[in-house]
Each structure stands twice: as C-alpha cells, then as structure tokens.
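Participant: Can you keep this structure in mind? I'll have questions shortly.
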Amino acid sequence: RMDKEFVIFIFGGTGDLAKRKLFPVLESMYKGGKLRGLKGVYALGRSVGKLRDYVSNLDRDFAGFFHPFEFDVTDKDSYERLGREVSRFPKEELIFYLALPPQLFETTIVHTGSLLRRFSNPRKIVIEKPFGFDLESARKLNFQLRRYFTEREIYRIDHFLGKVAIQNILSVRFSNYIFEGIWNKNFIDCIQISALEEIGLEGRAGYYDRVGALRDMVQNHLLQILSFLAMEPPAIMEAERVRDEKVKVLSSIRKFSRDEIDRYAVRGRYRGYIQELGRDSNTETYAAVKLFIDNFRWEGVPFYLRTGKRLKKKVTQVVVLFKEVPGNFGRLLGCVPRQNKLVFDIAPSNDVKLFFEMAPPEGFLACPVEREMELDLSPDGLPEAYETLIEDILEGNQTLFIREDESELAWEIIQPILDAWKEDTNVPEYEPGSWGPEEAEVFIGKDGRGWVLV
Ligand code: BG6
C-alpha cells in the first residue's frame with residue numbers, strides 16, 4: 001500500500017465534519033508520513049470560497065495537494081466537471097467520502113456511481129452516519145450502492161469504532177479469562193452505555209433537527225458499542241468473521257411492538273431548544289432505550305443505552321454491573337453492599353476501572369468498603385478515531401466498518417421507536433445542565449435500578 005497512489009474526494013467539504021475532523025486528520029497524517037501515495041484531496045462544496053482562510057493556514061506542503069472544488073451534489077454539471085478532474089488520474093485509487101447529511105446520500109451515490117462507469121480506476125466509497133433516516137431509506141441506499149459498487153468497496157463509517165477505548169472492550173473481553181468467564185447472564189445484572197454531552201446544537205441545527213438523538217447516536221454509535229460488549233469472539237481475525245458476530249448480536253435483540261414503546265424507550269428535549277431553533281419541532285435531544293438480547297449468553301440482562309445534548313458534562317462510559325454474591329458478607333453484617341462494577345471510560349478519560357468490596361482497616365467484621373482499580377489506556381493520549389479509520393480505508397481493512405446487513409438490522413431495532421415518537425408529539429423537557437429528563441429516571445427506576453456514572 002506504500003506505493004499505491006490515491007486521490008480523496010470529500011463531498012461536504014465545507015461542512016462541519018470536514019473542517020473539524022477530516023481535514024485536520026488528513027493534514028496531520030500527511031505530516032506524519034502516513035499518506036505517502038497521496039495525489040490530491042478535493043474539498044467539494046457549494047461555496048468553497050469559505051475555505052480560503054482555512055487553506056492559507058494549512059501546512060505548505062499539504063496545501064499543494066488540497067483543492068477546494070465548487071460542487072453541488074444535486075447538479076449534473078458538477079459531476080461533468082468532476083469527471084474531467086478524475087480523468088487526470090488514470091490509474092490512481094479514487095476514494096469518495098460522503099461527509100454529507102443523510103438526505104444527500106442517495107443522489108450523490110447515484111451520480112458518482114454512474115460517473116465512475118466511464119473509469120476503470122480502483123475505487124472506494126465512504127458513507128458517514130446516520131446511514132439514512134429509517135429502515136426504508138437505508139434499504140434504498142444499500143440498493144443504490146449495490147448497483148454501482150461491490151461491498152468490498154463500501155465503507156459505512158462509524159467513528160466510535162475508531163476509538164481505541166472502544167476497541168479495548170474486545171481486547172479486555174477476549175484476552176482475559178477473569179472477565180470472559182463471568183461475562184454472561186449468570187453474573188451480570190445489567191449493562192449501561194452512556195454518551196452524554198454538554199454541547200448543544202453548535203451551528204448544526206439544520207442537520208440535527210432532522211435527525212434527533214436516536215438517529216444521531218443510538219442507531220449507530222451506541223448499538224455498535226453494544227455489539228462489542230455482547231458479541232461472541234470471532235474464530236479468526238478477519239473482517240467478515242468479526243462482522244458476522246456483530247450481526248448475530250443485532251439479530252438477537254428482542255423486537256418490541258409499537259404499543260410497548262414506553263417500556264423500552266424514553267426521550268426528552270432540553271428547555272430552550274425550540275427558541276434556539278426558531279421554529280416548532282418534535283425532535284428529541286435526549287434518548288434512552290432498554291434492549292434485551294435473547295440468546296444463551298444474555299437472556300434477561302437489560303442493556304440500557306442513553307444519550308443527550310446540553311447535559312451536565314461530557315461523559316462517554318460503559319458500566320457493567322454485576323449481581324450480588326449469595327451470602328454477601330456485607331449483608332450478613334447488616335450493611336448495604338454495592339454492586340461490583342467494570343467500567344470502560346471512553347471520554348473524557350480513556351481507562352478501565354474495576355470496583356469491588358474489600359475489608360475496611362478495622363477488619364472483616366466491619367462493613368466492607370468499595371475500592372477502585374484504575375488502568376489508563378495510554379499516558380500519551382490515543383490516535384484520533386478518524387485517523388485509525390482512514391488508515392483502514394487506505395489499507396482496505398473493513399473490520400471496523402458497518403456491513404450492509406448490519407446497517408439494516410440496526411435500523412430495524414429502532415424503527416418502532418421512530419414510528420411511535422413521530423405520532424406522539426409530546427416530548428418531555430429537561431433543564432440544560434441537568435442529567436436529562438425526570439422521565440428517564442422513572443423509566444429505569446421501574447426496574448428497581450438507577451443510572452450509574454462513576
Ligand atoms: C457524532 C454526532 O456522530 O458524534 C454528534 O453526530 C456528537 O452529535 C458526536 O456530538 C460525538 O462524538 P465524540 O467522538 O465527540 O464523542
């Protein structure tokens with residue numbers, strides 16, 4: 001791959017994602033000598049004049065490869081001009097990166113796909129999340145992709161999978177008997193996955209209001225974390241085998257019907273959202289769901305997933321809560337024991353923590369105390385998620401990308417919630433800076449549990 005030459009075309013080149021993540025990552029990879037075959041980065045967007053300041057601050061060498069390119073994804077002419085640009089690269093690999101809102105995916109796939117019929121270059125297409133708006137639109141996208149590309153050329157990206165702190169879930173589970181031996185319904189009480197954010201709309205209102213928390217975070221990032229937590233080990237380290245295991249988990253998630261939704265999902269919207277948006281809306285900025293995986297390992301163990309904007313602070317965390325041991329020492333002494341907890345901190349810190357009960361200094365006849373072991377993933381920080389994934393794309397490694405069947409299964413799980421919420425316009429509110437709506441506490445409280453953050 002060292003000598004392989006390639007060109008990257010980024011649709012949405014003036015968008016938030018391109019400017020905040022993709023360009024800086026490409027620039028730093030370039031400087032680090034990781035883009036050796038690079039022949040060009042095209043930033044395609046409707047008013048690329050806006051990029052002028054940006055370009056003037058780029059690394060001088062990298063700027064030589066960086067081409068702002070006036071482009072409208074819905075306009076035939078734009079693709080003609082793109083075609084002329086592509087002909088300058090007779091044999092290079094062409095990488096098309098759709099950093100676009102979901103309503104623009106289909107037209108871009110179709111136009112790019114038909115343009116590519118005139119070329120024989122090796123090619124890849126990268127599609128951001130959310131992959132459509134619902135199950136039906138995701139199926140349509142897959143149908144169009146299949147017309148023009150093979151699955152080996154398609155990279156449905158979910159940047160959470162590029163986070164080492166999330167990959168570490170698999171490393172910890174599948175390298176240590178001490179965890180894997182108890183990783184099932186006999187020992188685990190429940191698993192909680194939280195992706196809580198302090199930020200609000202941040203100039204992305206146009207995108208966010210069409211999407212909402214469930215589509216923006218749960219359908220992709222949180223379900224991906226869930227599959228890492230719940231999957232069986234792959235027999236061999238190969239993209240298809242890893243993805244097969246994730247697909248098995250997603251297909252085992254219990255389906256629920258529309259009228260059961262309130263038992264499985266709850267939403268919220270922060271106070272002031274409508275004013276900020278400047279128009280009426282039913283979009284949720286907070287979503288929590290409870291899922292069951294009906295298989296031998298997980299039957300009866302709830303997975304609670306929650307996410308929201310404008311909350312108290314940014315925390316992305318997985319908490320695995322263990323059952324109480326029979327004849328618990330603390331209980332025998334009339335104390336209230338805490339649950340053992342294994343925690344994967346994904347943000348702001350990157351570590352693994354283990355909480356368990358120990359004798360207090362007074363001796364074992366006094367109430368046990370909870371102690372904590374903390375293991376940092378890296379003292380020097382971790383690679384940027386997008387960097388890992390862009391490297392994988394260049395190398396053709398699809399392990400950390402979403403396969404066609406997986407993309408649809410993830411929508412199937414949340415589709416009944418989307419349907420129910422669309423009809424019921426009553427969205428509970430929460431205070432900005434809180435931990436979410438009161439309804440979310442009641443929701444988990446009904447199971448005799450509470451949300452845990454540590
Ligand atoms: C993105 C969502 O996929 O993930 C954003 O669209 C969200 O709304 C972001 O803020 C969170 O990612 P991270 O890596 O900052 O936790």
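Chain labels run A, B, ... following the order of the structure tokens; each chain numbers its residues from 1, and ligands are numbered from 1 in the order shown.
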Would you list the residues that come within 9 Å of ligand 1? Count only C-alpha atoms and all ligand atoms and give the answer as a PyMOL selection string.

Facilitator: chain A and resi 17+128-130+158-160+163+195-197+199-201+204+207-208+212-213+215-217+220-221+308-309+314-316+346-348+385

Participant: What lies within 6 Å of region 247-254 of chain A using only C-alpha atoms, ignoring chain neighbours under 6 positions off, as a PDB file with N, CA, C and O atoms, in the first residue's frame?

Facilitator:
ATOM      1  N   MET A 231     -21.004  -9.443  21.711  1.00  0.00           N
ATOM      2  CA  MET A 231     -20.714 -10.452  20.674  1.00  0.00           C
ATOM      3  C   MET A 231     -19.872 -11.617  21.199  1.00  0.00           C
ATOM      4  O   MET A 231     -19.223 -11.516  22.243  1.00  0.00           O
ATOM      5  N   PHE A 292     -32.975  -6.024  25.162  1.00  0.00           N
ATOM      6  CA  PHE A 292     -32.647  -7.376  25.626  1.00  0.00           C
ATOM      7  C   PHE A 292     -32.105  -8.179  24.460  1.00  0.00           C
ATOM      8  O   PHE A 292     -32.605  -8.057  23.336  1.00  0.00           O
ATOM      9  N   ILE A 293     -31.113  -8.988  24.729  1.00  0.00           N
ATOM     10  CA  ILE A 293     -30.552  -9.842  23.688  1.00  0.00           C
ATOM     11  C   ILE A 293     -30.962 -11.271  24.016  1.00  0.00           C
ATOM     12  O   ILE A 293     -30.494 -11.846  25.006  1.00  0.00           O
ATOM     13  N   ASP A 294     -31.851 -11.796  23.218  1.00  0.00           N
ATOM     14  CA  ASP A 294     -32.413 -13.112  23.541  1.00  0.00           C
ATOM     15  C   ASP A 294     -31.527 -14.234  23.019  1.00  0.00           C
ATOM     16  O   ASP A 294     -31.853 -14.902  22.031  1.00  0.00           O
ATOM     17  N   GLU A 406     -25.741  -5.377   8.587  1.00  0.00           N
ATOM     18  CA  GLU A 406     -25.655  -4.740   9.900  1.00  0.00           C
ATOM     19  C   GLU A 406     -26.368  -3.389   9.897  1.00  0.00           C
ATOM     20  O   GLU A 406     -27.076  -3.034  10.845  1.00  0.00           O
TER      21      GLU A 406
END

Participant: Pick the closest to Trp411 (chain A) from A:Val73, A:Leu342, A:Leu135, A:Ile188: which is it, counting only C-alpha atoms?

Facilitator: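 Among the listed residues, A:Leu135 lies closest to Trp411 (chain A).
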
Participant: A:Arg279, A:Arg371, A:Arg297, A:Arg269: which is nearest Glu431 (chain A), counting only C-alpha atoms?

Facilitator: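 Counting only C-alpha atoms, the residue closest to Glu431 (chain A) is A:Arg269.
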
Participant: Sort by chain and increasing residue number a table of all residues of region 53-156 of chain A within 10 Å of region 395-403 of chain A, each with its closest pair of atoms and their distance in Å to one decimal, counting only C-alpha atoms, and write it as CSV.

Facilitator:
residue,atom,partner,partner_atom,distance
A:Lys124,CA,A:Gly396,CA,8.9
A:Val126,CA,A:Phe401,CA,9.5
A:Ile127,CA,A:Ile402,CA,9.9
A:Phe131,CA,A:Ile402,CA,9.9
A:Asn142,CA,A:Arg403,CA,10.0
A:Glu151,CA,A:Arg403,CA,7.7
A:Arg152,CA,A:Gln398,CA,7.8
A:Glu153,CA,A:Gly396,CA,8.3
A:Ile154,CA,A:Arg403,CA,8.3
A:Tyr155,CA,A:Phe401,CA,5.8
A:Arg156,CA,A:Ile402,CA,5.1

Participant: When distances are computed from only C-alpha atoms, which of A:Val242, A:Ile178, A:Ile157, A:Ala265 shows the smallest separation from Ala420 (chain A)?

Facilitator: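 Nearest to Ala420 (chain A): A:Ala265.
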
Participant: Quick one: everything within 12 Å of region 30-36 of chain A, counting only C-alpha atoms, minus sequence neighbours fewer than 3 positions away in the same chain. Send it as a VMD selection string.

Facilitator: chain A and resid 1 to 8 23 to 27 39 to 41 58 to 66 387 to 388 390 to 395

Participant: Give me a file of those residues, with N, CA, C and O atoms, as a CSV table (one decimal), in the first residue's frame.

Facilitator:
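As written to disk, again17.csv reads:
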chain,number,residue,atom,x,y,z
A,1,ARG,N,0.8,-1.2,0.0
A,1,ARG,CA,0.0,0.0,0.0
A,1,ARG,C,0.9,1.3,0.0
A,1,ARG,O,0.4,2.3,-0.5
A,2,MET,N,2.1,1.1,0.4
A,2,MET,CA,3.0,2.2,0.5
A,2,MET,C,3.1,2.9,-0.9
A,2,MET,O,3.1,4.1,-0.9
A,3,ASP,N,3.1,2.1,-2.0
A,3,ASP,CA,3.3,2.8,-3.3
A,3,ASP,C,2.0,3.0,-4.0
A,3,ASP,O,1.9,3.6,-5.0
A,4,LYS,N,0.9,2.6,-3.4
A,4,LYS,CA,-0.4,2.8,-4.0
A,4,LYS,C,-0.7,4.3,-4.0
A,4,LYS,O,-0.7,4.9,-3.0
A,5,GLU,N,-1.1,4.8,-5.2
A,5,GLU,CA,-1.5,6.2,-5.3
A,5,GLU,C,-3.0,6.4,-5.2
A,5,GLU,O,-3.7,5.6,-5.7
A,6,PHE,N,-3.4,7.4,-4.6
A,6,PHE,CA,-4.8,7.6,-4.4
A,6,PHE,C,-5.2,9.1,-4.3
A,6,PHE,O,-4.3,9.9,-4.0
A,7,VAL,N,-6.5,9.4,-4.6
A,7,VAL,CA,-7.0,10.7,-4.5
A,7,VAL,C,-8.3,10.6,-3.7
A,7,VAL,O,-9.0,9.7,-3.8
A,8,ILE,N,-8.4,11.6,-2.8
A,8,ILE,CA,-9.6,11.6,-1.9
A,8,ILE,C,-10.5,12.8,-2.3
A,8,ILE,O,-10.1,13.9,-2.4
A,23,PHE,N,-10.2,17.2,7.5
A,23,PHE,CA,-9.1,17.9,7.0
A,23,PHE,C,-7.9,17.9,8.0
A,23,PHE,O,-6.8,17.6,7.7
A,24,PRO,N,-8.2,18.3,9.3
A,24,PRO,CA,-7.1,18.2,10.3
A,24,PRO,C,-6.4,16.9,10.4
A,24,PRO,O,-5.2,16.8,10.5
A,25,VAL,N,-7.3,15.8,10.3
A,25,VAL,CA,-6.7,14.5,10.5
A,25,VAL,C,-5.8,14.2,9.2
A,25,VAL,O,-4.7,13.6,9.3
A,26,LEU,N,-6.3,14.5,8.0
A,26,LEU,CA,-5.6,14.2,6.8
A,26,LEU,C,-4.2,15.0,6.8
A,26,LEU,O,-3.2,14.5,6.5
A,27,GLU,N,-4.3,16.3,7.3
A,27,GLU,CA,-3.1,17.1,7.3
A,27,GLU,C,-2.1,16.5,8.3
A,27,GLU,O,-0.9,16.4,8.0
A,39,LYS,N,-2.3,11.8,-4.0
A,39,LYS,CA,-2.1,12.6,-5.1
A,39,LYS,C,-3.0,13.9,-5.0
A,39,LYS,O,-2.9,14.8,-5.8
A,40,GLY,N,-4.0,13.9,-4.1
A,40,GLY,CA,-4.8,15.0,-4.0
A,40,GLY,C,-6.0,14.8,-3.0
A,40,GLY,O,-6.4,13.7,-2.8
A,41,VAL,N,-6.3,15.9,-2.4
A,41,VAL,CA,-7.5,15.9,-1.5
A,41,VAL,C,-8.5,17.0,-2.1
A,41,VAL,O,-8.1,18.2,-2.1
A,58,LEU,N,-3.0,26.1,6.1
A,58,LEU,CA,-2.6,24.7,6.1
A,58,LEU,C,-1.1,24.6,6.0
A,58,LEU,O,-0.4,25.6,5.5
A,59,ASP,N,-0.5,23.5,6.4
A,59,ASP,CA,0.9,23.2,6.2
A,59,ASP,C,1.2,23.4,4.7
A,59,ASP,O,0.4,23.0,3.8
A,60,ARG,N,2.3,24.1,4.4
A,60,ARG,CA,2.6,24.5,3.0
A,60,ARG,C,2.6,23.3,2.0
A,60,ARG,O,2.0,23.4,1.0
A,61,ASP,N,3.3,22.2,2.4
A,61,ASP,CA,3.3,21.1,1.5
A,61,ASP,C,2.0,20.5,1.3
A,61,ASP,O,1.6,20.2,0.1
A,62,PHE,N,1.2,20.3,2.4
A,62,PHE,CA,-0.1,19.7,2.3
A,62,PHE,C,-1.0,20.5,1.4
A,62,PHE,O,-1.8,20.0,0.6
A,63,ALA,N,-0.9,21.9,1.5
A,63,ALA,CA,-1.7,22.8,0.8
A,63,ALA,C,-1.6,22.5,-0.7
A,63,ALA,O,-2.5,22.7,-1.5
A,64,GLY,N,-0.4,22.1,-1.1
A,64,GLY,CA,-0.2,21.8,-2.5
A,64,GLY,C,-1.1,20.6,-3.1
A,64,GLY,O,-1.4,20.5,-4.2
A,65,PHE,N,-1.6,19.8,-2.1
A,65,PHE,CA,-2.4,18.7,-2.5
A,65,PHE,C,-3.9,19.0,-2.3
A,65,PHE,O,-4.8,18.2,-2.7
A,66,PHE,N,-4.2,20.1,-1.7
A,66,PHE,CA,-5.6,20.4,-1.2
A,66,PHE,C,-6.3,21.3,-2.3
A,66,PHE,O,-5.9,22.4,-2.5
A,387,GLU,N,-8.4,9.0,12.3
A,387,GLU,CA,-7.2,8.6,11.7
A,387,GLU,C,-7.1,7.1,11.5
A,387,GLU,O,-6.7,6.6,10.5
A,388,THR,N,-7.4,6.4,12.6
A,388,THR,CA,-7.4,5.0,12.5
A,388,THR,C,-8.2,4.5,11.4
A,388,THR,O,-7.9,3.6,10.6
A,390,ILE,N,-9.3,6.1,8.7
A,390,ILE,CA,-8.8,6.5,7.3
A,390,ILE,C,-7.7,5.5,6.9
A,390,ILE,O,-7.6,5.1,5.8
A,391,GLU,N,-6.8,5.2,7.9
A,391,GLU,CA,-5.8,4.2,7.6
A,391,GLU,C,-6.4,2.9,7.2
A,391,GLU,O,-5.9,2.3,6.2
A,392,ASP,N,-7.4,2.5,7.9
A,392,ASP,CA,-8.1,1.2,7.5
A,392,ASP,C,-8.6,1.3,6.1
A,392,ASP,O,-8.6,0.3,5.3
A,393,ILE,N,-9.2,2.4,5.7
A,393,ILE,CA,-9.8,2.6,4.4
A,393,ILE,C,-8.7,2.4,3.4
A,393,ILE,O,-8.8,1.7,2.4
A,394,LEU,N,-7.6,3.1,3.6
A,394,LEU,CA,-6.5,3.1,2.7
A,394,LEU,C,-5.9,1.6,2.5
A,394,LEU,O,-5.6,1.2,1.4
A,395,GLU,N,-5.9,0.9,3.6
A,395,GLU,CA,-5.4,-0.4,3.6
A,395,GLU,C,-6.4,-1.4,3.1
A,395,GLU,O,-6.1,-2.6,2.9

Participant: Show which residues sit within 12 Å of Val352 (chain A), as a PyMOL selection string. Count only C-alpha atoms, and ignore same-chain residues fewer than 5 positions away.

Facilitator: chain A and resi 164-166+168-169+171-173+317-320+341-347+372-378+454

Participant: Quick check for you: according to DSSP on this backbone, which residues of region 206-364 of chain A are classed as helix (DSSP H, G or I)? Reply as a ChimeraX atom specification.

Facilitator: /A:206-230,239-252,258-264,273-277,329-332
